[in-house]
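Text of the file start_36.cif, holding mmCIF, C-alpha atoms:
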data_model
#
loop_
_atom_site.label_atom_id
_atom_site.label_comp_id
_atom_site.auth_asym_id
_atom_site.auth_seq_id
_atom_site.Cartn_x
_atom_site.Cartn_y
_atom_site.Cartn_z
CA MET B 305 -4.83 7.69 8.59
CA PRO B 306 -3.84 5.61 5.51
CA SER B 307 -5.41 2.16 5.64
CA VAL B 308 -5.69 -1.16 3.80
CA SER B 309 -8.61 -3.55 3.39
CA VAL B 310 -8.21 -6.27 6.00
CA VAL B 311 -9.16 -8.84 3.33
CA ILE B 312 -6.04 -8.00 1.32
CA THR B 313 -3.84 -8.32 4.40
CA GLN B 314 -5.52 -11.60 5.34
CA TYR B 315 -4.62 -13.11 1.98
CA PHE B 316 -0.98 -12.06 2.34
CA ALA B 317 -0.78 -13.30 5.92
CA GLY B 318 -2.21 -16.65 4.81
CA ALA B 319 0.32 -16.95 1.99
CA ALA B 320 3.10 -16.49 4.56
CA GLY B 321 1.71 -19.17 6.86
CA PHE B 322 0.07 -16.78 9.32
CA SER B 323 -3.61 -16.12 9.91
CA LEU B 324 -5.25 -12.76 10.50
CA THR B 325 -8.65 -12.73 12.15
CA ASN B 326 -11.41 -10.27 11.25
CA ASP B 327 -10.85 -8.47 14.54
CA GLY B 328 -7.16 -7.88 13.77
CA THR B 329 -5.32 -10.66 15.63
CA LEU B 330 -2.28 -12.04 13.79
CA LEU B 331 -1.59 -15.68 14.62
CA ASP B 332 1.26 -18.04 13.86
CA GLY B 333 -0.45 -21.30 14.66
CA ASP B 334 -1.83 -20.81 18.16
CA ASN B 335 0.65 -18.05 19.02
CA VAL B 336 -0.61 -14.47 19.02
CA LEU B 337 2.00 -12.30 17.28
CA LEU B 338 0.27 -8.93 17.05
CA ARG B 339 -3.10 -7.30 17.51
CA PHE B 340 -4.39 -4.44 15.38
CA LYS B 341 -7.47 -2.27 15.35
CA VAL B 342 -9.92 -2.97 12.50
CA GLU B 343 -12.34 -0.22 11.53
CA GLY B 344 -14.78 -0.45 8.66
CA GLY B 345 -13.04 -3.56 7.38
CA ARG B 346 -9.66 -1.79 7.17
CA ILE B 347 -6.45 -1.72 9.18
CA ALA B 348 -3.85 1.02 9.38
CA THR B 349 -1.18 0.94 6.68
CA GLN B 350 1.47 0.78 9.39
CA ALA B 351 -0.10 -2.45 10.69
CA HIS B 352 -0.22 -3.87 7.17
CA TYR B 353 3.51 -3.25 6.67
CA GLU B 354 4.33 -4.72 10.06
CA ILE B 355 2.68 -7.95 8.94
CA LEU B 356 4.55 -7.83 5.63
CA GLY B 357 7.78 -7.31 7.56
CA LEU B 358 7.15 -10.41 9.67
CA ALA B 359 6.37 -12.34 6.50
CA ALA B 360 9.67 -11.22 4.97
CA LYS B 361 11.52 -12.69 7.95
CA LYS B 362 9.57 -15.94 7.94
CA VAL B 363 9.64 -16.56 4.16
CA PRO B 364 12.89 -15.36 2.54
CA GLU B 365 11.72 -16.49 -0.92
CA ARG B 366 10.13 -13.16 -1.85
CA ALA B 367 9.05 -13.95 -5.39
CA THR B 368 7.60 -17.29 -4.35
CA LEU B 369 5.62 -15.64 -1.55
CA SER B 370 4.36 -12.83 -3.80
CA VAL B 371 3.13 -15.26 -6.44
CA ARG B 372 1.58 -17.55 -3.83
CA TYR B 373 -0.28 -14.55 -2.41
CA ALA B 374 -1.54 -13.45 -5.83
CA LYS B 375 -2.77 -16.92 -6.73
CA SER B 376 -4.55 -17.33 -3.40
CA ILE B 377 -6.85 -14.36 -3.89
CA ASP B 378 -10.49 -15.15 -4.63
CA ILE B 379 -11.44 -12.14 -6.72
CA ASP B 380 -15.13 -12.62 -5.94
CA LYS B 381 -14.41 -11.84 -2.28
CA ILE B 382 -12.78 -8.49 -2.98
CA GLY B 383 -16.16 -6.77 -3.38
CA THR B 384 -17.78 -4.44 -5.89
CA ILE B 385 -14.47 -3.45 -7.46
CA ALA B 386 -13.91 -7.06 -8.56
CA LEU B 387 -17.34 -7.31 -10.18
CA ALA B 388 -16.79 -3.97 -11.90
CA CYS B 389 -13.56 -5.35 -13.38
CA LYS B 390 -15.40 -8.44 -14.60
CA ALA B 391 -18.05 -6.27 -16.22
CA ALA B 392 -15.46 -4.16 -18.09
CA PRO B 393 -15.43 -4.86 -21.85
CA ASN B 394 -11.74 -5.72 -22.17
CA VAL B 395 -8.31 -5.68 -20.51
CA GLU B 396 -7.95 -1.95 -21.04
CA GLY B 397 -11.22 -1.41 -19.20
CA VAL B 398 -9.99 -3.53 -16.29
CA LEU B 399 -6.81 -1.43 -16.07
CA GLN B 400 -8.88 1.75 -15.99
CA ARG B 401 -11.02 0.44 -13.13
CA LEU B 402 -8.09 -0.92 -11.13
CA SER B 403 -6.19 2.36 -11.37
CA ARG B 404 -9.24 4.46 -10.54
CA TYR B 405 -10.73 2.44 -7.69
CA HIS B 406 -7.74 0.76 -6.05
CA SER B 407 -7.82 3.31 -3.23
CA LEU B 408 -11.00 1.58 -2.05
CA LEU B 409 -8.70 -1.33 -1.14
CA SER B 410 -5.65 0.67 -0.08
CA ASP B 411 -5.06 4.40 -0.07
CA SER B 412 -1.34 3.98 0.63
CA ILE B 413 -0.66 2.99 -2.99
CA LYS B 414 -1.66 4.74 -6.19
CA TYR B 415 -1.82 3.23 -9.68
CA HIS B 416 -1.49 5.31 -12.83
CA LEU B 417 -2.00 4.48 -16.50
CA ASP B 418 0.79 5.87 -18.70
CA VAL B 419 0.06 5.69 -22.42
CA GLN B 420 3.21 4.84 -24.37
CA ASP B 421 4.03 4.18 -28.02
CA ASN B 422 4.16 0.43 -27.40
CA GLY B 423 1.06 0.14 -25.20
CA VAL B 424 -0.17 1.16 -21.75
CA PHE B 425 1.98 1.02 -18.62
CA LEU B 426 0.25 0.38 -15.27
CA ARG B 427 2.56 2.20 -12.86
CA GLN B 428 2.53 1.77 -9.08
CA ASP B 429 3.49 4.60 -6.74
CA ILE B 430 3.89 3.93 -3.01
CA LEU B 431 2.48 6.86 -1.04
CA VAL B 432 3.03 5.55 2.50
CA GLY B 433 5.13 2.70 3.83
CA SER B 434 8.49 1.72 5.25
CA GLY B 435 10.37 -1.20 6.76
CA PRO B 436 11.43 -4.62 5.46
CA GLY B 437 7.94 -5.41 4.18
CA LEU B 438 7.96 -2.45 1.80
CA VAL B 439 9.46 -4.48 -1.03
CA PHE B 440 6.25 -6.52 -1.18
CA SER B 441 4.21 -3.52 -2.30
CA PRO B 442 5.51 -3.69 -5.88
CA GLU B 443 6.22 -7.43 -5.98
CA ALA B 444 3.05 -8.77 -4.39
CA GLY B 445 0.92 -5.83 -5.51
CA LEU B 446 1.73 -6.12 -9.20
CA SER B 447 1.48 -9.91 -9.04
CA ALA B 448 -2.03 -9.58 -7.61
CA MET B 449 -2.97 -6.97 -10.22
CA TYR B 450 -1.83 -9.23 -13.03
CA GLN B 451 -3.63 -12.23 -11.55
CA ALA B 452 -6.89 -10.25 -11.38
CA ILE B 453 -6.55 -9.07 -14.97
CA ASP B 454 -5.79 -12.57 -16.22
CA GLN B 455 -8.66 -14.13 -14.24
CA VAL B 456 -11.39 -12.00 -15.80
CA ALA B 457 -10.09 -12.11 -19.39
CA ALA B 458 -11.59 -14.52 -21.92
CA LYS B 459 -8.12 -15.79 -22.87
CA LYS B 460 -4.61 -15.81 -21.45
CA VAL B 461 -3.14 -12.37 -20.79
CA THR B 462 0.63 -11.85 -20.97
CA PRO B 463 2.27 -8.48 -20.21
CA ALA B 464 4.83 -7.15 -22.64
CA MET B 465 7.17 -6.42 -19.72
CA VAL B 466 7.27 -6.14 -15.92
CA THR B 467 9.61 -3.68 -14.20
CA PHE B 468 10.72 -3.25 -10.59
CA GLN B 469 12.88 -0.47 -9.20
CA HIS B 470 14.65 -2.59 -6.59
CA THR B 471 17.25 -5.33 -6.90
CA PRO B 472 16.06 -8.88 -7.71
CA PRO B 473 15.34 -11.48 -5.02
CA HIS B 474 17.33 -14.71 -5.19
CA ASP B 475 14.27 -16.52 -6.62
CA ALA B 476 13.53 -13.85 -9.26
CA HIS B 477 13.06 -16.54 -11.94
CA VAL B 478 9.70 -17.33 -10.33
CA PHE B 479 8.40 -13.98 -11.57
CA GLU B 480 9.28 -14.71 -15.19
CA GLY B 481 7.45 -18.01 -15.00
CA PHE B 482 4.42 -16.35 -13.42
CA PHE B 483 4.16 -13.31 -15.70
CA GLY B 484 5.34 -15.12 -18.83
CA CYS B 485 7.47 -12.22 -20.01
CA GLU B 486 10.71 -10.35 -19.37
CA VAL B 487 11.03 -8.99 -15.82
CA GLN B 488 13.47 -6.12 -15.33
CA PHE B 489 14.94 -5.06 -11.98
CA GLY B 490 16.68 -1.77 -11.25
CA ALA B 491 14.22 -0.02 -13.56
CA GLY B 492 12.89 3.52 -13.28
CA ASP B 493 9.36 2.49 -12.24
CA ASP B 494 7.36 -0.39 -10.80
CA GLY B 495 4.72 -1.51 -13.26
CA LEU B 496 3.22 -3.72 -15.95
CA LEU B 497 3.36 -2.92 -19.66
CA PHE B 498 0.55 -4.21 -21.90
CA SER B 499 0.61 -4.16 -25.71
CA PRO B 500 -2.31 -2.77 -27.76
CA ALA B 501 -3.29 -6.31 -28.78
CA THR B 502 -3.43 -7.44 -25.15
CA LEU B 503 -5.45 -4.38 -24.14
CA ALA B 504 -8.13 -5.38 -26.66
CA ILE B 505 -8.65 -8.89 -25.22
CA GLU B 506 -12.28 -9.17 -24.16
CA ASN B 507 -13.48 -10.20 -20.71
CA THR B 508 -15.63 -13.21 -19.97
CA LEU B 509 -18.51 -11.09 -18.62
CA GLY B 510 -18.19 -7.68 -20.27
CA ASP B 511 -21.71 -6.38 -19.53
CA GLN B 512 -22.13 -2.70 -20.42
CA ALA B 513 -25.28 -2.06 -18.35
CA LEU B 514 -23.84 -3.81 -15.29
CA SER B 515 -20.56 -1.99 -15.80
CA GLU B 516 -22.25 1.42 -15.73
CA PHE B 517 -24.25 0.54 -12.62
CA LEU B 518 -21.21 -0.70 -10.74
CA THR B 519 -18.93 2.18 -11.67
CA LYS B 520 -21.55 4.66 -10.45
CA HIS B 521 -21.64 2.78 -7.14
CA LEU B 522 -17.83 2.78 -6.93
CA ASP B 523 -17.65 6.48 -7.81
CA ALA B 524 -19.97 7.20 -4.88
CA GLU B 525 -17.72 5.16 -2.56
CA LEU B 526 -14.67 6.94 -3.93
CA GLU B 527 -16.19 10.34 -3.24
CA GLN B 528 -16.84 9.33 0.35
CA ILE B 529 -13.21 8.45 1.04
CA LYS B 530 -11.97 11.41 -1.01
CA ALA B 531 -14.09 13.87 0.94
CA GLU B 532 -12.78 15.64 3.97
CA PRO B 533 -10.79 12.75 5.51
CA SER B 534 -8.41 13.09 2.58
CA LEU B 535 -7.22 16.40 4.05
CA VAL B 536 -5.99 14.61 7.15
CA ARG B 537 -4.37 11.94 4.96
CA THR B 538 -2.65 14.38 2.62
CA THR B 539 -1.48 16.52 5.54
CA LYS B 540 0.28 13.54 7.11
CA GLU B 541 1.72 12.56 3.73
CA GLU B 542 3.16 16.07 3.27
CA ILE B 543 4.58 16.07 6.80
CA ALA B 544 6.20 12.67 6.14
CA ARG B 545 7.65 13.88 2.84
CA VAL B 546 9.67 16.70 4.43
CA LEU B 547 10.37 15.29 7.91
CA SER B 548 14.00 14.49 7.15
CA GLU B 549 14.55 18.24 6.78
CA GLY B 550 13.08 18.84 10.24
CA LEU B 551 9.56 19.22 11.57
CA PRO B 552 7.71 21.44 9.06
CA LYS B 553 5.79 24.55 10.04
CA MET B 554 2.02 24.54 9.64
CA ALA B 555 2.22 27.58 7.37
CA ASP B 556 4.54 25.77 4.97
CA VAL B 557 2.32 22.66 4.80
CA ALA B 558 -0.80 24.81 4.38
CA ARG B 559 0.80 26.67 1.48
CA GLU B 560 1.94 23.41 -0.15
CA LEU B 561 -1.63 22.05 0.05
CA GLY B 562 -3.16 25.27 -1.30
CA PHE B 563 -4.67 26.74 1.90
CA SER B 564 -4.26 29.87 3.94
CA VAL B 565 -3.10 29.14 7.48
CA ARG B 566 -6.46 30.22 8.87
CA SER B 567 -8.46 28.05 6.47
CA PHE B 568 -6.13 25.09 6.98
CA HIS B 569 -6.47 25.32 10.75
CA ARG B 570 -10.27 25.54 10.49
CA ARG B 571 -10.56 22.58 8.08
CA LEU B 572 -8.45 20.38 10.36
CA ALA B 573 -10.48 21.48 13.39
CA ASP B 574 -13.63 20.36 11.58
CA HIS B 575 -12.20 16.83 11.79
CA GLY B 576 -11.34 17.17 15.45
CA VAL B 577 -7.57 17.33 14.89
CA ASN B 578 -4.88 19.96 14.76
CA PHE B 579 -1.57 20.22 12.93
CA GLN B 580 0.54 19.44 15.99
CA THR B 581 -1.38 16.21 16.61
CA LEU B 582 -0.98 15.07 13.01
CA ALA B 583 2.73 15.88 13.04
CA GLU B 584 3.18 13.87 16.24
CA GLU B 585 1.19 10.92 14.85
CA THR B 586 3.21 10.96 11.63
CA ARG B 587 6.52 10.96 13.48
CA ARG B 588 5.36 8.14 15.76
CA ASP B 589 3.99 5.98 12.94
CA ILE B 590 7.17 6.32 10.87
CA ALA B 591 9.39 5.64 13.88
CA LEU B 592 7.46 2.51 14.90
CA SER B 593 7.63 1.17 11.37
CA MET B 594 11.34 1.91 10.88
CA LEU B 595 12.31 0.33 14.20
CA ARG B 596 11.11 -3.01 12.83
CA ASP B 597 14.01 -2.87 10.39
CA ASP B 598 17.03 -4.12 12.38
CA GLY B 599 19.37 -2.69 9.78
CA CYS B 600 18.24 0.90 10.33
CA PRO B 601 20.39 2.66 12.99
CA LEU B 602 18.53 4.52 15.74
CA ALA B 603 20.28 7.74 14.75
CA GLU B 604 18.87 7.43 11.24
CA VAL B 605 15.36 6.80 12.59
CA ALA B 606 15.71 9.97 14.66
CA PHE B 607 16.92 11.97 11.66
CA LEU B 608 14.20 10.72 9.31
CA THR B 609 11.49 11.56 11.82
CA GLY B 610 12.65 15.15 12.09
CA PHE B 611 14.74 15.14 15.27
CA SER B 612 18.06 16.96 15.26
CA GLU B 613 19.30 15.06 18.32
CA GLN B 614 19.05 11.42 19.38
CA SER B 615 18.16 12.48 22.93
CA ALA B 616 15.13 14.45 21.74
CA PHE B 617 13.93 11.44 19.75
CA ASN B 618 14.40 9.18 22.79
CA ARG B 619 12.30 11.48 24.96
CA ALA B 620 9.52 11.71 22.37
CA PHE B 621 9.47 7.97 21.83
CA LYS B 622 9.28 7.39 25.58
CA ARG B 623 6.28 9.71 25.66
CA TRP B 624 4.57 7.83 22.82
CA THR B 625 5.16 4.27 23.98
CA ASN B 626 6.53 4.42 27.55
CA GLU B 627 9.61 2.62 26.16
CA THR B 628 12.94 3.70 24.73
CA PRO B 629 13.55 3.07 21.01
CA ALA B 630 16.18 0.45 21.88
CA SER B 631 13.94 -1.45 24.29
CA TYR B 632 11.04 -1.33 21.83
CA ARG B 633 13.20 -2.77 19.06
CA LYS B 634 14.50 -5.46 21.40
CA SER B 635 10.93 -6.43 22.35
CA LEU B 636 10.12 -7.15 18.72
CA VAL B 637 12.54 -10.09 18.61
CA SER B 638 12.15 -11.37 22.13
#
As C-alpha cells - that is how I would like this structure written.
Amino acid sequence: MPSVSVVITQYFAGAAGFSLTNDGTLLDGDNVLLRFKVEGGRIATQAHYEILGLAAKKVPERATLSVRYAKSIDIDKIGTIALACKAAPNVEGVLQRLSRYHSLLSDSIKYHLDVQDNGVFLRQDILVGSGPGLVFSPEAGLSAMYQAIDQVAAKKVTPAMVTFQHTPPHDAHVFEGFFGCEVQFGAGDDGLLFSPATLAIENTLGDQALSEFLTKHLDAELEQIKAEPSLVRTTKEEIARVLSEGLPKMADVARELGFSVRSFHRRLADHGVNFQTLAEETRRDIALSMLRDDGCPLAEVAFLTGFSEQSAFNRAFKRWTNETPASYRKSLVS
C-alpha cells in the first residue's frame, strides 16, 4: 500500500495547527480528530491525504500554509536522504538525489529530472491521491523541495521558474515572494526550473567520500522497497488507473504489467494477497478518500470506483465500513 513518512505528515499537520503523534493520533488541541496506523515510521497515503484535506478546511490560505510547512522542516531530521543531499557537490547533485530517493519518504509521488535547453526541470508526478488535500502535493511538496535545496547550498538559490497545473490560490503572491521568481499556474506540469548557473552552485558540505557512502546506503534502502512489495503497489495503481472504465480483469492487469496470468497470480500469492483483494482495497481506499470531498457527488464516487450502479456501490461500501456512503460522509462533519 502506498505510504508516506510520518515525519513529513507531522510537519504538515504542525503547520496547519494540528499535531500528529508518533503512534498516528491526529490532535487539534486536546481533541482527537483521527487515528491512523503507523508501520515502520510510515502511514498510508490515504491517511496522509485525509490530514491534508482537514488542513485545507482549517487554513484556506493555501500558499501561506505550504510555505509555512516548507520553512518548518528541519532537514537534519529527515534522515539519511538529507545528509546525502548535503554531501552532494552542487545543486544539480541535490536534484539528482531528491529525484532518485524521494520514494524513501513517499512512494505516492515521483520526481523526474527533465533536461531542457534553458536548464533542468524538476517535475512532480502524483501517482496516488485524491480529495481536497491533493492540491498540497504540488504546492507544499515543491515548496519543501526548494527549501531543502536552498538550505544546503553555499549561497542563495533562486529557480528560473515555478509551474503548477492547477488554478492559483487567492494568496498566490506568497509563492512569488518565497521562490523569488515567476510562478505560473495553469501550466502543463508541476515543477521547478533551474538554470545552468544555479545548478553549478556548490553545497556547504559537498564531501565526495561521504556522498558515495551515503548513496550506497540509500540505494540499498531503495532496493528493499522496490523489491517484491512494489508488485502489490503497482497492481493497485494500475487498478486505480482504469477503475472509471469498470473493474478490470486480472488478465488485463497482468498483461499491462508484463506477466502471464499464471505468473501474476503466483507472484501475488507469494505476498499473501490475491487480485480480488487488491481490487477491493483499491476501490475502498479511493471511495473513502473521495467521500471527504463534499463537492463530489455520490454517483461520481460510485462511477470512479468502478460501479455501474449506485446501489451496487452502496452495498459494497456497507460491507467495507458497516455504513452507507451518505452516513459516512455525514459523520466526517459531525
Legend entry - Neighbour list for segment 462-477 of chain B as a list in words, cut-off 7 Å, all atoms listed in the file, skip fewer than 2 positions in-chain: Glu365, Arg366, Ala367, Lys460, Phe479, Glu480, Gly481, Phe483, Gly484, Cys485, Glu486, Val487, Gln488, Phe489, Gly490, Ala491, Gly492, Asp493, Asp494, Gly495, Leu496, Leu497, Phe498 and Ser499 of chain B
Inset, instruction - Using the chain letters and numbering of this document, enumerate as a ChimeraX atom specification the residues selected by the PyMOL selection byres ((chain B and resi 334-343) around 10). - result: /B:307-310,322-333,344-348,350-352,354-355,358,636
Could the residues in this selection be written to a file with C-alpha atoms, as a PDB file, in the coordinates of the input?
ATOM      1  CA  SER B 307      -5.410   2.160   5.640  1.00  0.00           C
ATOM      2  CA  VAL B 308      -5.690  -1.160   3.800  1.00  0.00           C
ATOM      3  CA  SER B 309      -8.610  -3.550   3.390  1.00  0.00           C
ATOM      4  CA  VAL B 310      -8.210  -6.270   6.000  1.00  0.00           C
ATOM      5  CA  PHE B 322       0.070 -16.780   9.320  1.00  0.00           C
ATOM      6  CA  SER B 323      -3.610 -16.120   9.910  1.00  0.00           C
ATOM      7  CA  LEU B 324      -5.250 -12.760  10.500  1.00  0.00           C
ATOM      8  CA  THR B 325      -8.650 -12.730  12.150  1.00  0.00           C
ATOM      9  CA  ASN B 326     -11.410 -10.270  11.250  1.00  0.00           C
ATOM     10  CA  ASP B 327     -10.850  -8.470  14.540  1.00  0.00           C
ATOM     11  CA  GLY B 328      -7.160  -7.880  13.770  1.00  0.00           C
ATOM     12  CA  THR B 329      -5.320 -10.660  15.630  1.00  0.00           C
ATOM     13  CA  LEU B 330      -2.280 -12.040  13.790  1.00  0.00           C
ATOM     14  CA  LEU B 331      -1.590 -15.680  14.620  1.00  0.00           C
ATOM     15  CA  ASP B 332       1.260 -18.040  13.860  1.00  0.00           C
ATOM     16  CA  GLY B 333      -0.450 -21.300  14.660  1.00  0.00           C
ATOM     17  CA  GLY B 344     -14.780  -0.450   8.660  1.00  0.00           C
ATOM     18  CA  GLY B 345     -13.040  -3.560   7.380  1.00  0.00           C
ATOM     19  CA  ARG B 346      -9.660  -1.790   7.170  1.00  0.00           C
ATOM     20  CA  ILE B 347      -6.450  -1.720   9.180  1.00  0.00           C
ATOM     21  CA  ALA B 348      -3.850   1.020   9.380  1.00  0.00           C
ATOM     22  CA  GLN B 350       1.470   0.780   9.390  1.00  0.00           C
ATOM     23  CA  ALA B 351      -0.100  -2.450  10.690  1.00  0.00           C
ATOM     24  CA  HIS B 352      -0.220  -3.870   7.170  1.00  0.00           C
ATOM     25  CA  GLU B 354       4.330  -4.720  10.060  1.00  0.00           C
ATOM     26  CA  ILE B 355       2.680  -7.950   8.940  1.00  0.00           C
ATOM     27  CA  LEU B 358       7.150 -10.410   9.670  1.00  0.00           C
ATOM     28  CA  LEU B 636      10.120  -7.150  18.720  1.00  0.00           C
TER      29      LEU B 636
END
Inset, instruction - Identify, on the basis of all atoms listed in the file, every residue whose closest approach to segment 399-401 of chain B does not exceed 12 Å; exclude the query and any residue fewer than 2 positions from it along the same chain; express the result as a VMD selection string. - result: chain B and resid 384 to 397 403 to 408 415 to 419 424 to 427 446 449 to 450 452 to 454 456 to 457 495 to 498 502 to 505 507 515 to 516 518 to 520 522 to 523 526
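Summary of the local environment: counting all atoms listed in the file, residues at most 10 Å from segment 542-547 of chain B, other than itself and those fewer than 6 positions away along its chain, are Leu431, Val432, Lys553, Met554, Asp556, Val557, Ala558, Glu560, Leu561, Phe579, Leu582, Ala583, Glu584, Thr586, Arg587, Asp589, Ile590, Phe607, Leu608, Thr609, Gly610 and Phe611 of chain B.
Minimum atom-to-atom distances from B:Ala501, B:Val577, B:Tyr632, B:Trp624 to Leu602 of chain B were compared using all atoms listed in the file, and the lowest value belongs to B:Tyr632.
Atom to atom, atom CA of Val478 of chain B and atom CA of Asp411 of chain B stand 28.2 Å apart.
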Inset, instruction - For Ala359 of chain B, please output as a list of chain:residue names all residues within 9 Å (counting all atoms listed in the file; exclusion window: fewer than 4 positions along the same chain). - result: B:Phe316, B:Ala317, B:Ala319, B:Ala320, B:Gly321, B:Phe322, B:Glu354, B:Ile355, B:Val363, B:Pro364, B:Leu369, B:Gly437
Output file for the selection above: C-alpha atoms, as a PDB file, keeping the file's coordinate frame:
ATOM      1  CA  PHE B 316      -0.980 -12.060   2.340  1.00  0.00           C
ATOM      2  CA  ALA B 317      -0.780 -13.300   5.920  1.00  0.00           C
ATOM      3  CA  ALA B 319       0.320 -16.950   1.990  1.00  0.00           C
ATOM      4  CA  ALA B 320       3.100 -16.490   4.560  1.00  0.00           C
ATOM      5  CA  GLY B 321       1.710 -19.170   6.860  1.00  0.00           C
ATOM      6  CA  PHE B 322       0.070 -16.780   9.320  1.00  0.00           C
ATOM      7  CA  GLU B 354       4.330  -4.720  10.060  1.00  0.00           C
ATOM      8  CA  ILE B 355       2.680  -7.950   8.940  1.00  0.00           C
ATOM      9  CA  VAL B 363       9.640 -16.560   4.160  1.00  0.00           C
ATOM     10  CA  PRO B 364      12.890 -15.360   2.540  1.00  0.00           C
ATOM     11  CA  LEU B 369       5.620 -15.640  -1.550  1.00  0.00           C
ATOM     12  CA  GLY B 437       7.940  -5.410   4.180  1.00  0.00           C
TER      13      GLY B 437
END
Inset, instruction - Work out how far atom CA of Val536 of chain B is from atom CA of Ala573 of chain B, in Å to one decimal. - result: 10.3 Å
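Considering only C-alpha atoms, the residue among B:Asn422, B:Ala444, B:Lys414, B:Gln428 positioned nearest to Ser376 of chain B is B:Ala444.
Atom pair atom CA of Lys540 of chain B / atom CA of Ser410 of chain B: separated by 15.9 Å.
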Inset, instruction - Point out the residue among B:Gly576, B:Ser447, B:Pro436, B:Ser593 with the least atom-to-atom distance to Lys362 of chain B, counting only C-alpha atoms. - result: B:Pro436
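Using all atoms listed in the file, the shortest contact distance between Tyr373 of chain B and any of B:Gln420, B:Ser441, B:Ser564, B:Thr628 is found at B:Ser441.
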Legend entry - Distance criterion (only C-alpha atoms): nearest to Lys622 of chain B out of B:Ala603, B:Ile413, B:Ala591, B:Leu356: B:Ala591
Compile the contact shell of Glu627 of chain B as a compact mmCIF listing (two decimals) with C-alpha atoms, keeping the file's coordinate frame: residues with an atom at most 12 Å away, counting all atoms listed in the file, same-chain residues fewer than 6 positions apart removed.
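Resulting contents of selection.txt:
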# COMPACT_ATOMS: atom_id res chain seq x y z
CA LEU B 592 7.46 2.51 14.90
CA PHE B 617 13.93 11.44 19.75
CA ASN B 618 14.40 9.18 22.79
CA ARG B 619 12.30 11.48 24.96
CA ALA B 620 9.52 11.71 22.37
CA PHE B 621 9.47 7.97 21.83
CA ARG B 633 13.20 -2.77 19.06
CA LYS B 634 14.50 -5.46 21.40
CA SER B 635 10.93 -6.43 22.35
